[in-house]
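**Q** Supplied structure: data-v4.csv, CSV, N, CA and C atoms and all ligand atoms.
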chain,number,residue,atom,x,y,z
A,28,MET,N,-15.2,6.5,4.4
A,28,MET,CA,-16.2,5.4,4.2
A,28,MET,C,-15.5,4.1,3.7
A,29,ALA,N,-14.6,4.3,2.9
A,29,ALA,CA,-13.9,3.1,2.3
A,29,ALA,C,-13.3,2.2,3.4
A,30,TRP,N,-12.8,2.8,4.5
A,30,TRP,CA,-12.2,2.1,5.6
A,30,TRP,C,-13.3,1.4,6.3
A,31,GLU,N,-14.4,2.0,6.6
A,31,GLU,CA,-15.5,1.4,7.3
A,31,GLU,C,-16.1,0.2,6.5
A,32,GLU,N,-16.1,0.4,5.2
A,32,GLU,CA,-16.6,-0.7,4.3
A,32,GLU,C,-15.7,-1.9,4.2
A,33,ASN,N,-14.4,-1.7,4.4
A,33,ASN,CA,-13.5,-2.8,4.1
A,33,ASN,C,-12.8,-3.4,5.4
A,34,LYS,N,-12.9,-2.7,6.5
A,34,LYS,CA,-12.2,-3.2,7.7
A,34,LYS,C,-12.7,-4.6,8.2
A,35,HIS,N,-13.9,-5.0,7.8
A,35,HIS,CA,-14.4,-6.3,8.3
A,35,HIS,C,-13.5,-7.4,7.7
A,36,ILE,N,-12.8,-7.2,6.6
A,36,ILE,CA,-11.9,-8.2,6.0
A,36,ILE,C,-10.8,-8.6,7.0
A,37,ILE,N,-10.3,-7.7,7.8
A,37,ILE,CA,-9.3,-8.0,8.8
A,37,ILE,C,-9.7,-9.1,9.7
A,38,MET,N,-10.9,-9.1,10.1
A,38,MET,CA,-11.5,-10.0,11.1
A,38,MET,C,-11.6,-11.4,10.5
A,39,GLU,N,-11.5,-11.5,9.1
A,39,GLU,CA,-11.7,-12.8,8.5
A,39,GLU,C,-10.4,-13.5,8.2
A,40,CYS,N,-9.3,-12.9,8.5
A,40,CYS,CA,-8.0,-13.5,8.3
A,40,CYS,C,-7.8,-14.5,9.4
A,41,VAL,N,-7.4,-15.8,9.0
A,41,VAL,CA,-7.3,-16.8,10.0
A,41,VAL,C,-5.8,-17.1,10.3
A,42,SER,N,-4.9,-16.2,9.9
A,42,SER,CA,-3.5,-16.3,10.2
A,42,SER,C,-2.8,-17.6,9.7
A,43,CYS,N,-3.3,-18.1,8.6
A,43,CYS,CA,-2.7,-19.4,8.2
A,43,CYS,C,-1.3,-19.2,7.6
A,44,GLY,N,-1.0,-18.0,7.0
A,44,GLY,CA,0.3,-17.8,6.5
A,44,GLY,C,0.5,-18.3,5.0
A,45,LEU,N,-0.5,-18.8,4.4
A,45,LEU,CA,-0.4,-19.3,3.0
A,45,LEU,C,-0.1,-18.2,2.0
A,46,CYS,N,-0.3,-17.0,2.4
A,46,CYS,CA,-0.1,-15.8,1.5
A,46,CYS,C,1.3,-15.4,1.5
A,47,GLN,N,2.1,-15.9,2.4
A,47,GLN,CA,3.5,-15.3,2.5
A,47,GLN,C,4.4,-15.6,1.3
A,48,SER,N,4.3,-16.8,0.8
A,48,SER,CA,5.3,-17.3,-0.1
A,48,SER,C,5.4,-16.5,-1.4
A,49,ASN,N,4.2,-16.0,-1.9
A,49,ASN,CA,4.3,-15.2,-3.1
A,49,ASN,C,4.1,-13.7,-3.0
A,50,CYS,N,4.4,-13.2,-1.8
A,50,CYS,CA,4.4,-11.7,-1.7
A,50,CYS,C,5.8,-11.2,-2.0
A,51,PRO,N,5.8,-10.3,-3.0
A,51,PRO,CA,7.1,-9.8,-3.4
A,51,PRO,C,7.8,-8.9,-2.3
A,52,ILE,N,7.0,-8.3,-1.5
A,52,ILE,CA,7.6,-7.4,-0.4
A,52,ILE,C,8.2,-8.4,0.7
A,53,TYR,N,7.4,-9.4,1.0
A,53,TYR,CA,7.9,-10.4,2.0
A,53,TYR,C,9.2,-11.0,1.5
A,54,LYS,N,9.2,-11.4,0.2
A,54,LYS,CA,10.4,-12.0,-0.3
A,54,LYS,C,11.6,-11.1,-0.3
A,55,GLN,N,11.4,-9.8,-0.5
A,55,GLN,CA,12.5,-8.8,-0.5
A,55,GLN,C,13.0,-8.5,0.9
A,56,THR,N,12.1,-8.4,1.9
A,56,THR,CA,12.5,-8.0,3.2
A,56,THR,C,12.6,-9.1,4.2
A,57,ASN,N,11.9,-10.3,3.9
A,57,ASN,CA,11.9,-11.4,4.8
A,57,ASN,C,11.3,-11.1,6.2
A,58,LEU,N,10.4,-10.1,6.2
A,58,LEU,CA,9.7,-9.7,7.4
A,58,LEU,C,8.3,-10.2,7.4
A,59,GLU,N,7.8,-11.0,8.3
A,59,GLU,CA,6.5,-11.4,8.3
A,59,GLU,C,5.5,-10.3,8.4
A,60,SER,N,5.9,-9.2,9.0
A,60,SER,CA,5.0,-8.0,9.1
A,60,SER,C,4.7,-7.4,7.8
A,61,ASN,N,5.5,-7.8,6.8
A,61,ASN,CA,5.3,-7.2,5.4
A,61,ASN,C,4.4,-8.1,4.6
A,62,SER,N,4.1,-9.3,5.0
A,62,SER,CA,3.2,-10.2,4.3
A,62,SER,C,1.8,-9.8,4.5
A,63,ALA,N,0.9,-10.3,3.8
A,63,ALA,CA,-0.6,-10.0,4.0
A,63,ALA,C,-1.0,-10.5,5.4
A,64,LYS,N,-0.5,-11.6,5.8
A,64,LYS,CA,-0.8,-12.1,7.2
A,64,LYS,C,-0.3,-11.0,8.2
A,65,GLY,N,0.9,-10.5,8.1
A,65,GLY,CA,1.4,-9.6,9.0
A,65,GLY,C,0.6,-8.3,9.0
A,66,LYS,N,0.3,-7.9,7.8
A,66,LYS,CA,-0.5,-6.6,7.6
A,66,LYS,C,-1.9,-6.7,8.3
A,67,MET,N,-2.5,-7.9,8.1
A,67,MET,CA,-3.8,-8.1,8.7
A,67,MET,C,-3.7,-8.1,10.2
A,68,THR,N,-2.6,-8.7,10.7
A,68,THR,CA,-2.3,-8.8,12.2
A,68,THR,C,-2.1,-7.4,12.7
A,69,ILE,N,-1.4,-6.5,12.0
A,69,ILE,CA,-1.1,-5.2,12.4
A,69,ILE,C,-2.4,-4.4,12.5
A,70,LEU,N,-3.2,-4.6,11.4
A,70,LEU,CA,-4.5,-3.8,11.4
A,70,LEU,C,-5.5,-4.3,12.4
A,71,PHE,N,-5.4,-5.6,12.7
A,71,PHE,CA,-6.2,-6.1,13.8
A,71,PHE,C,-5.8,-5.4,15.2
A,72,ALA,N,-4.5,-5.3,15.4
A,72,ALA,CA,-4.0,-4.6,16.6
A,72,ALA,C,-4.5,-3.2,16.6
A,73,LEU,N,-4.6,-2.6,15.4
A,73,LEU,CA,-5.1,-1.2,15.3
A,73,LEU,C,-6.6,-1.1,15.8
A,74,LEU,N,-7.3,-2.1,15.2
A,74,LEU,CA,-8.8,-2.1,15.6
A,74,LEU,C,-9.0,-2.4,17.1
A,75,GLN,N,-8.0,-3.1,17.7
A,75,GLN,CA,-8.1,-3.4,19.1
A,75,GLN,C,-7.6,-2.3,20.0
A,76,GLY,N,-7.1,-1.3,19.4
A,76,GLY,CA,-6.5,-0.1,20.1
A,76,GLY,C,-5.1,-0.4,20.7
A,77,MET,N,-4.5,-1.4,20.1
A,77,MET,CA,-3.1,-1.7,20.6
A,77,MET,C,-2.0,-0.9,19.8
A,78,LEU,N,-2.4,-0.5,18.6
A,78,LEU,CA,-1.5,0.4,17.8
A,78,LEU,C,-2.3,1.6,17.4
A,79,GLU,N,-1.5,2.7,17.0
A,79,GLU,CA,-2.1,3.9,16.5
A,79,GLU,C,-1.9,4.0,15.0
A,80,TRP,N,-2.6,4.8,14.4
A,80,TRP,CA,-2.5,5.0,12.9
A,80,TRP,C,-1.0,5.3,12.4
A,81,ASP,N,-0.4,6.1,13.1
A,81,ASP,CA,1.0,6.5,12.7
A,81,ASP,C,1.9,5.3,12.8
A,82,GLU,N,1.6,4.3,13.7
A,82,GLU,CA,2.5,3.2,13.9
A,82,GLU,C,2.2,2.1,12.8
A,83,VAL,N,1.1,2.2,12.1
A,83,VAL,CA,0.8,1.2,11.1
A,83,VAL,C,1.2,1.7,9.7
A,84,ALA,N,1.4,3.0,9.6
A,84,ALA,CA,1.6,3.6,8.2
A,84,ALA,C,2.7,3.0,7.4
A,85,GLU,N,3.8,2.8,7.9
A,85,GLU,CA,5.0,2.3,7.1
A,85,GLU,C,4.6,1.0,6.5
A,86,ARG,N,4.1,0.0,7.2
A,86,ARG,CA,3.7,-1.3,6.6
A,86,ARG,C,2.6,-1.2,5.6
A,87,MET,N,1.7,-0.3,5.8
A,87,MET,CA,0.6,-0.2,4.8
A,87,MET,C,1.1,0.4,3.5
A,88,TYR,N,2.1,1.2,3.5
A,88,TYR,CA,2.7,1.7,2.3
A,88,TYR,C,3.7,0.8,1.6
A,89,GLU,N,4.1,-0.2,2.4
A,89,GLU,CA,5.1,-1.2,1.8
A,89,GLU,C,4.3,-2.4,1.2
A,90,CYS,N,3.5,-2.1,0.2
A,90,CYS,CA,2.7,-3.1,-0.4
A,90,CYS,C,2.5,-2.6,-1.9
A,91,THR,N,2.7,-3.5,-2.8
A,91,THR,CA,2.5,-3.1,-4.2
A,91,THR,C,1.0,-3.2,-4.7
A,92,THR,N,0.2,-3.7,-3.8
A,92,THR,CA,-1.3,-4.1,-4.1
A,92,THR,C,-1.3,-5.0,-5.4
A,93,CYS,N,-0.3,-5.8,-5.5
A,93,CYS,CA,-0.3,-6.8,-6.7
A,93,CYS,C,-1.3,-7.9,-6.6
A,94,LYS,N,-1.9,-8.1,-5.4
A,94,LYS,CA,-2.9,-9.1,-5.2
A,94,LYS,C,-2.4,-10.6,-5.3
A,95,ASN,N,-1.1,-10.8,-5.3
A,95,ASN,CA,-0.5,-12.1,-5.4
A,95,ASN,C,-1.0,-12.9,-4.1
A,96,CYS,N,-1.1,-12.3,-3.0
A,96,CYS,CA,-1.5,-13.0,-1.8
A,96,CYS,C,-2.9,-13.5,-1.9
A,97,GLU,N,-3.7,-12.8,-2.7
A,97,GLU,CA,-5.1,-13.2,-2.8
A,97,GLU,C,-5.3,-14.5,-3.5
A,98,ALA,N,-4.3,-14.8,-4.4
A,98,ALA,CA,-4.3,-16.0,-5.2
A,98,ALA,C,-4.2,-17.3,-4.3
A,99,THR,N,-3.6,-17.1,-3.2
A,99,THR,CA,-3.4,-18.3,-2.3
A,99,THR,C,-4.2,-18.1,-0.9
A,100,CYS,N,-4.8,-17.0,-0.8
A,100,CYS,CA,-5.5,-16.8,0.5
A,100,CYS,C,-6.6,-17.8,0.8
A,101,LEU,N,-6.4,-18.5,1.9
A,101,LEU,CA,-7.4,-19.5,2.3
A,101,LEU,C,-8.8,-19.0,2.5
A,102,SER,N,-8.9,-17.7,2.9
A,102,SER,CA,-10.2,-17.2,3.2
A,102,SER,C,-10.8,-16.3,2.0
A,103,GLY,N,-10.0,-16.3,0.9
A,103,GLY,CA,-10.4,-15.5,-0.3
A,103,GLY,C,-10.6,-14.1,0.0
A,104,LEU,N,-9.7,-13.5,0.8
A,104,LEU,CA,-9.8,-12.1,1.2
A,104,LEU,C,-9.3,-11.1,0.1
A,105,ASP,N,-9.9,-10.0,0.1
A,105,ASP,CA,-9.5,-8.9,-0.8
A,105,ASP,C,-8.5,-8.0,-0.1
A,106,ILE,N,-7.3,-8.5,0.0
A,106,ILE,CA,-6.2,-7.8,0.8
A,106,ILE,C,-5.9,-6.4,0.3
A,107,ALA,N,-5.8,-6.3,-1.1
A,107,ALA,CA,-5.5,-5.0,-1.7
A,107,ALA,C,-6.5,-4.0,-1.3
A,108,ALA,N,-7.8,-4.4,-1.3
A,108,ALA,CA,-8.9,-3.4,-1.0
A,108,ALA,C,-8.7,-2.9,0.5
A,109,VAL,N,-8.4,-3.8,1.4
A,109,VAL,CA,-8.3,-3.3,2.8
A,109,VAL,C,-7.0,-2.4,3.0
A,110,ILE,N,-6.0,-2.8,2.2
A,110,ILE,CA,-4.7,-2.0,2.3
A,110,ILE,C,-5.0,-0.6,1.7
A,111,GLU,N,-5.6,-0.6,0.6
A,111,GLU,CA,-5.9,0.7,-0.1
A,111,GLU,C,-6.9,1.6,0.8
A,112,ALA,N,-7.8,0.9,1.5
A,112,ALA,CA,-8.7,1.6,2.4
A,112,ALA,C,-8.0,2.2,3.6
A,113,ALA,N,-7.0,1.4,4.1
A,113,ALA,CA,-6.2,1.9,5.2
A,113,ALA,C,-5.4,3.1,4.8
A,114,ARG,N,-4.8,3.0,3.6
A,114,ARG,CA,-4.0,4.1,3.1
A,114,ARG,C,-4.9,5.4,2.9
A,115,GLU,N,-6.1,5.2,2.4
A,115,GLU,CA,-7.0,6.4,2.3
A,115,GLU,C,-7.3,7.0,3.7
A,116,GLU,N,-7.5,6.1,4.6
A,116,GLU,CA,-7.7,6.6,6.0
A,116,GLU,C,-6.5,7.3,6.6
A,117,LEU,N,-5.3,6.7,6.3
A,117,LEU,CA,-4.1,7.4,6.7
A,117,LEU,C,-3.9,8.8,6.2
A,118,VAL,N,-4.2,8.9,4.9
A,118,VAL,CA,-4.1,10.2,4.3
A,118,VAL,C,-5.1,11.2,5.0
A,119,LYS,N,-6.3,10.7,5.2
A,119,LYS,CA,-7.3,11.6,5.8
A,119,LYS,C,-6.9,12.0,7.2
A,120,ARG,N,-6.1,11.1,7.9
A,120,ARG,CA,-5.7,11.4,9.2
A,120,ARG,C,-4.3,12.2,9.3
A,121,GLY,N,-3.8,12.5,8.1
A,121,GLY,CA,-2.6,13.3,8.0
A,121,GLY,C,-1.3,12.5,8.0
A,122,TYR,N,-1.4,11.2,7.6
A,122,TYR,CA,-0.2,10.4,7.5
A,122,TYR,C,0.0,9.9,6.1
A,123,GLY,N,-0.2,10.8,5.2
A,123,GLY,CA,0.0,10.4,3.8
A,123,GLY,C,1.5,10.2,3.5
A,124,HIS,N,1.8,9.4,2.5
A,124,HIS,CA,3.2,9.0,2.2
A,124,HIS,C,3.9,10.3,1.7
A,125,THR,N,5.1,10.5,2.3
A,125,THR,CA,5.8,11.7,2.0
A,125,THR,C,6.2,11.8,0.5
A,126,VAL,N,6.5,10.6,-0.1
A,126,VAL,CA,6.9,10.6,-1.5
A,126,VAL,C,5.7,11.0,-2.4
A,127,SER,N,4.5,10.4,-2.0
A,127,SER,CA,3.3,10.7,-2.8
A,127,SER,C,3.0,12.2,-2.7
A,128,GLY,N,3.2,12.8,-1.6
A,128,GLY,CA,2.9,14.3,-1.4
A,128,GLY,C,3.8,15.1,-2.3
A,129,GLU,N,5.1,14.7,-2.4
A,129,GLU,CA,6.1,15.3,-3.2
A,129,GLU,C,5.7,15.2,-4.7
A,130,LEU,N,5.3,14.0,-5.1
A,130,LEU,CA,4.9,13.7,-6.5
A,130,LEU,C,3.7,14.6,-6.9
A,131,ALA,N,2.7,14.6,-6.0
A,131,ALA,CA,1.5,15.4,-6.2
A,131,ALA,C,1.8,16.9,-6.4
A,132,LYS,N,2.7,17.4,-5.5
A,132,LYS,CA,3.1,18.8,-5.6
A,132,LYS,C,3.8,19.1,-6.9
A,133,ASN,N,4.7,18.2,-7.3
A,133,ASN,CA,5.4,18.4,-8.6
A,133,ASN,C,4.5,18.4,-9.8
A,134,ILE,N,3.5,17.4,-9.8
A,134,ILE,CA,2.6,17.3,-10.9
A,134,ILE,C,1.7,18.6,-11.0
A,135,ARG,N,1.3,19.1,-9.8
A,135,ARG,CA,0.5,20.3,-9.8
A,135,ARG,C,1.3,21.5,-10.3
A,136,GLY,N,2.5,21.5,-9.9
A,136,GLY,CA,3.4,22.7,-10.2
A,136,GLY,C,3.9,22.7,-11.6
A,137,THR,N,4.4,21.5,-12.1
A,137,THR,CA,5.1,21.5,-13.4
A,137,THR,C,4.5,20.5,-14.4
A,138,ARG,N,3.5,19.7,-13.9
A,138,ARG,CA,2.9,18.6,-14.7
A,138,ARG,C,3.9,17.5,-15.0
A,139,ASN,N,4.9,17.5,-14.1
A,139,ASN,CA,6.0,16.5,-14.2
A,139,ASN,C,6.2,15.9,-12.8
A,140,PRO,N,6.1,14.5,-12.7
A,140,PRO,CA,6.3,13.9,-11.3
A,140,PRO,C,7.6,14.2,-10.7
A,141,PHE,N,8.6,14.5,-11.5
A,141,PHE,CA,10.0,14.8,-10.9
A,141,PHE,C,10.2,16.3,-10.8
A,142,GLY,N,9.2,17.1,-11.1
A,142,GLY,CA,9.4,18.6,-11.0
A,142,GLY,C,10.3,19.2,-12.0
A,143,GLU,N,10.5,18.4,-13.1
A,143,GLU,CA,11.3,19.0,-14.2
A,143,GLU,C,10.6,20.1,-15.0
A,144,ASP,N,11.4,21.0,-15.6
A,144,ASP,CA,10.8,22.0,-16.4
A,144,ASP,C,10.1,21.4,-17.6
A,145,PRO,N,8.9,21.7,-17.9
A,145,PRO,CA,8.2,21.2,-19.1
A,145,PRO,C,8.9,21.5,-20.4
A,146,LYS,N,9.7,22.6,-20.4
A,146,LYS,CA,10.4,22.9,-21.7
A,146,LYS,C,11.4,21.8,-22.0
A,147,GLU,N,11.9,21.2,-20.9
A,147,GLU,CA,12.9,20.1,-21.1
A,147,GLU,C,12.3,18.9,-21.9
A,148,ARG,N,11.0,18.7,-21.6
A,148,ARG,CA,10.4,17.6,-22.3
A,148,ARG,C,10.3,17.9,-23.8
A,149,GLU,N,10.0,19.1,-24.1
A,149,GLU,CA,9.9,19.5,-25.5
A,149,GLU,C,11.3,19.4,-26.2
A,150,ARG,N,12.3,19.8,-25.5
A,150,ARG,CA,13.7,19.7,-26.0
A,150,ARG,C,14.0,18.2,-26.3
A,151,LEU,N,13.7,17.3,-25.3
A,151,LEU,CA,14.0,15.9,-25.5
A,151,LEU,C,13.2,15.3,-26.6
A,152,LYS,N,12.0,15.8,-26.8
A,152,LYS,CA,11.1,15.3,-27.8
A,152,LYS,C,11.7,15.6,-29.2
A,153,ARG,N,12.2,16.9,-29.3
A,153,ARG,CA,12.8,17.3,-30.6
A,153,ARG,C,14.0,16.5,-30.9
A,154,LEU,N,14.8,16.2,-29.8
A,154,LEU,CA,16.0,15.4,-30.0
A,154,LEU,C,15.7,14.0,-30.5
A,155,ALA,N,14.6,13.4,-29.9
A,155,ALA,CA,14.3,12.1,-30.3
A,155,ALA,C,13.7,12.1,-31.7
A,156,GLU,N,13.1,13.2,-32.2
A,156,GLU,CA,12.6,13.2,-33.5
A,156,GLU,C,13.6,13.5,-34.6
A,157,ALA,N,14.7,14.1,-34.1
A,157,ALA,CA,15.7,14.5,-35.1
A,157,ALA,C,16.4,13.3,-35.8
A,201,LIG,S1,-0.9,-7.2,-2.4
A,201,LIG,FE1,0.7,-6.5,-1.0
A,201,LIG,S2,0.6,-8.1,0.7
A,201,LIG,FE2,-0.4,-9.0,-1.1
A,201,LIG,S3,1.3,-10.1,-2.2
A,201,LIG,FE3,1.1,-8.0,-3.1
A,201,LIG,S4,2.7,-6.8,-2.0
A,201,LIG,FE4,2.2,-8.7,-0.8
A,202,LIG,S1,-3.8,-16.5,3.4
A,202,LIG,FE1,-5.4,-15.1,3.9
A,202,LIG,S2,-6.3,-15.9,5.8
A,202,LIG,FE2,-4.3,-16.8,5.5
A,202,LIG,S3,-2.9,-15.5,6.7
A,202,LIG,FE3,-2.9,-14.8,4.6
A,202,LIG,S4,-4.4,-13.2,4.5
A,202,LIG,FE4,-4.8,-14.4,6.4
As a first step, turn the structure in this file into structure tokens.
Ligand code: SF4
Ligand code: SF4

**A**
Amino acid sequence: MAWEENKHIIMECVSCGLCQSNCPIYKQTNLESNSAKGKMTILFALLQGMLEWDEVAERMYECTTCKNCEATCLSGLDIAAVIEAAREELVKRGYGHTVSGELAKNIRGTRNPFGEDPKERERLKRLAEA
């Protein structure tokens, strides 16, 4: 439902590009497809049936959801909301991020995101308190 509620945001992007300059992922990769403008264009192509969900997954996960783009967005769009909704839809469709899956498995198994033995935490705690 989150995807259905938020996908209208994609249609409101006017492709002005004002969001690019303060996107940390764009600055790091220098790829327009990693800016909010690029992500909205990719999701528009998805809505038009020109791309499939598995083809948009990588770009959707390459976003910190920092909302920096929203500070300069000409249309005042909630970019992070649509990206989070797209991620939720990706997970539902079986395209969850592999790292997230591993973290969840570790947390369920050991209550540690890295899968470390909980006894090690107690040992380190004792060392820190000594
Ligand atoms: S929310 Fe995502 S797209 Fe927007 S500035 Fe942050 S990293 Fe870039
Ligand atoms: S600033 Fe907003 S309207 Fe302009 S390209 Fe970026 S997301 Fe689209």

**Q** Could you build a table of the residues in chain A lying no more than 12 Å from ligand LIG 202 (chain A), giving for each the nearest pair of atoms and their separation in Å rounded to one decimal place, using only C-alpha atoms and all ligand atoms, ordered by chain and ascending residue number, as a tab-separated table?

**A**
residue	atom	partner	partner_atom	distance
A:Ile36	CA	A:LIG202	S4	9.1
A:Ile37	CA	A:LIG202	FE4	8.2
A:Met38	CA	A:LIG202	FE4	9.3
A:Glu39	CA	A:LIG202	S2	6.8
A:Cys40	CA	A:LIG202	FE4	3.8
A:Val41	CA	A:LIG202	S2	4.4
A:Ser42	CA	A:LIG202	S3	3.6
A:Cys43	CA	A:LIG202	FE2	4.1
A:Gly44	CA	A:LIG202	S3	3.9
A:Leu45	CA	A:LIG202	S1	4.4
A:Cys46	CA	A:LIG202	S1	4.2
A:Gln47	CA	A:LIG202	FE3	6.8
A:Ser48	CA	A:LIG202	FE3	9.8
A:Asn49	CA	A:LIG202	S1	10.5
A:Cys50	CA	A:LIG202	FE3	10.1
A:Tyr53	CA	A:LIG202	FE3	11.9
A:Glu59	CA	A:LIG202	S3	10.4
A:Ser60	CA	A:LIG202	S3	11.2
A:Asn61	CA	A:LIG202	FE3	11.2
A:Ser62	CA	A:LIG202	FE3	7.6
A:Ala63	CA	A:LIG202	S4	5.0
A:Lys64	CA	A:LIG202	S3	4.0
A:Gly65	CA	A:LIG202	S3	7.7
A:Lys66	CA	A:LIG202	S4	8.3
A:Met67	CA	A:LIG202	S4	6.6
A:Thr68	CA	A:LIG202	FE4	8.4
A:Ile69	CA	A:LIG202	FE4	11.6
A:Leu70	CA	A:LIG202	S4	11.7
A:Phe71	CA	A:LIG202	FE4	11.2
A:Lys94	CA	A:LIG202	S4	10.6
A:Asn95	CA	A:LIG202	S1	10.4
A:Cys96	CA	A:LIG202	S1	6.7
A:Glu97	CA	A:LIG202	FE1	7.0
A:Ala98	CA	A:LIG202	S1	8.6
A:Thr99	CA	A:LIG202	S1	6.0
A:Cys100	CA	A:LIG202	S1	3.4
A:Leu101	CA	A:LIG202	S1	4.8
A:Ser102	CA	A:LIG202	S2	4.9
A:Gly103	CA	A:LIG202	FE1	6.5
A:Leu104	CA	A:LIG202	FE1	6.0
A:Asp105	CA	A:LIG202	S4	8.5
A:Ile106	CA	A:LIG202	S4	6.8
A:Ala107	CA	A:LIG202	S4	10.3
A:Val109	CA	A:LIG202	S4	10.8
A:Ile110	CA	A:LIG202	S4	11.4

**Q** In Å, with one decimal, what is the gap from atom CA of A:Ile134 to atom CA of A:Leu117?

**A**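 Between these atoms lies a distance of 21.3 Å.
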
**Q** Adding 8 Å on each side of the box along x, y and z that holds all listed atoms of ligand LIG 201 (chain A), could you give its centre and edge lengths in Å to one decimal, as lines of an AutoDock Vina configuration file?

**A**
center_x = 0.9
center_y = -8.3
center_z = -1.2
size_x = 19.6
size_y = 19.6
size_z = 19.8

**Q** Rounded to one decimal, what separation in Å do you get between atom CA of A:Met77 and atom S3 of ligand LIG 201 (chain A)?

**A** 24.7 Å

**Q** What is the distance, in Å and to one decimal place, between atom CA of A:Trp30 and atom CA of A:Arg86?

**A** 16.3 Å
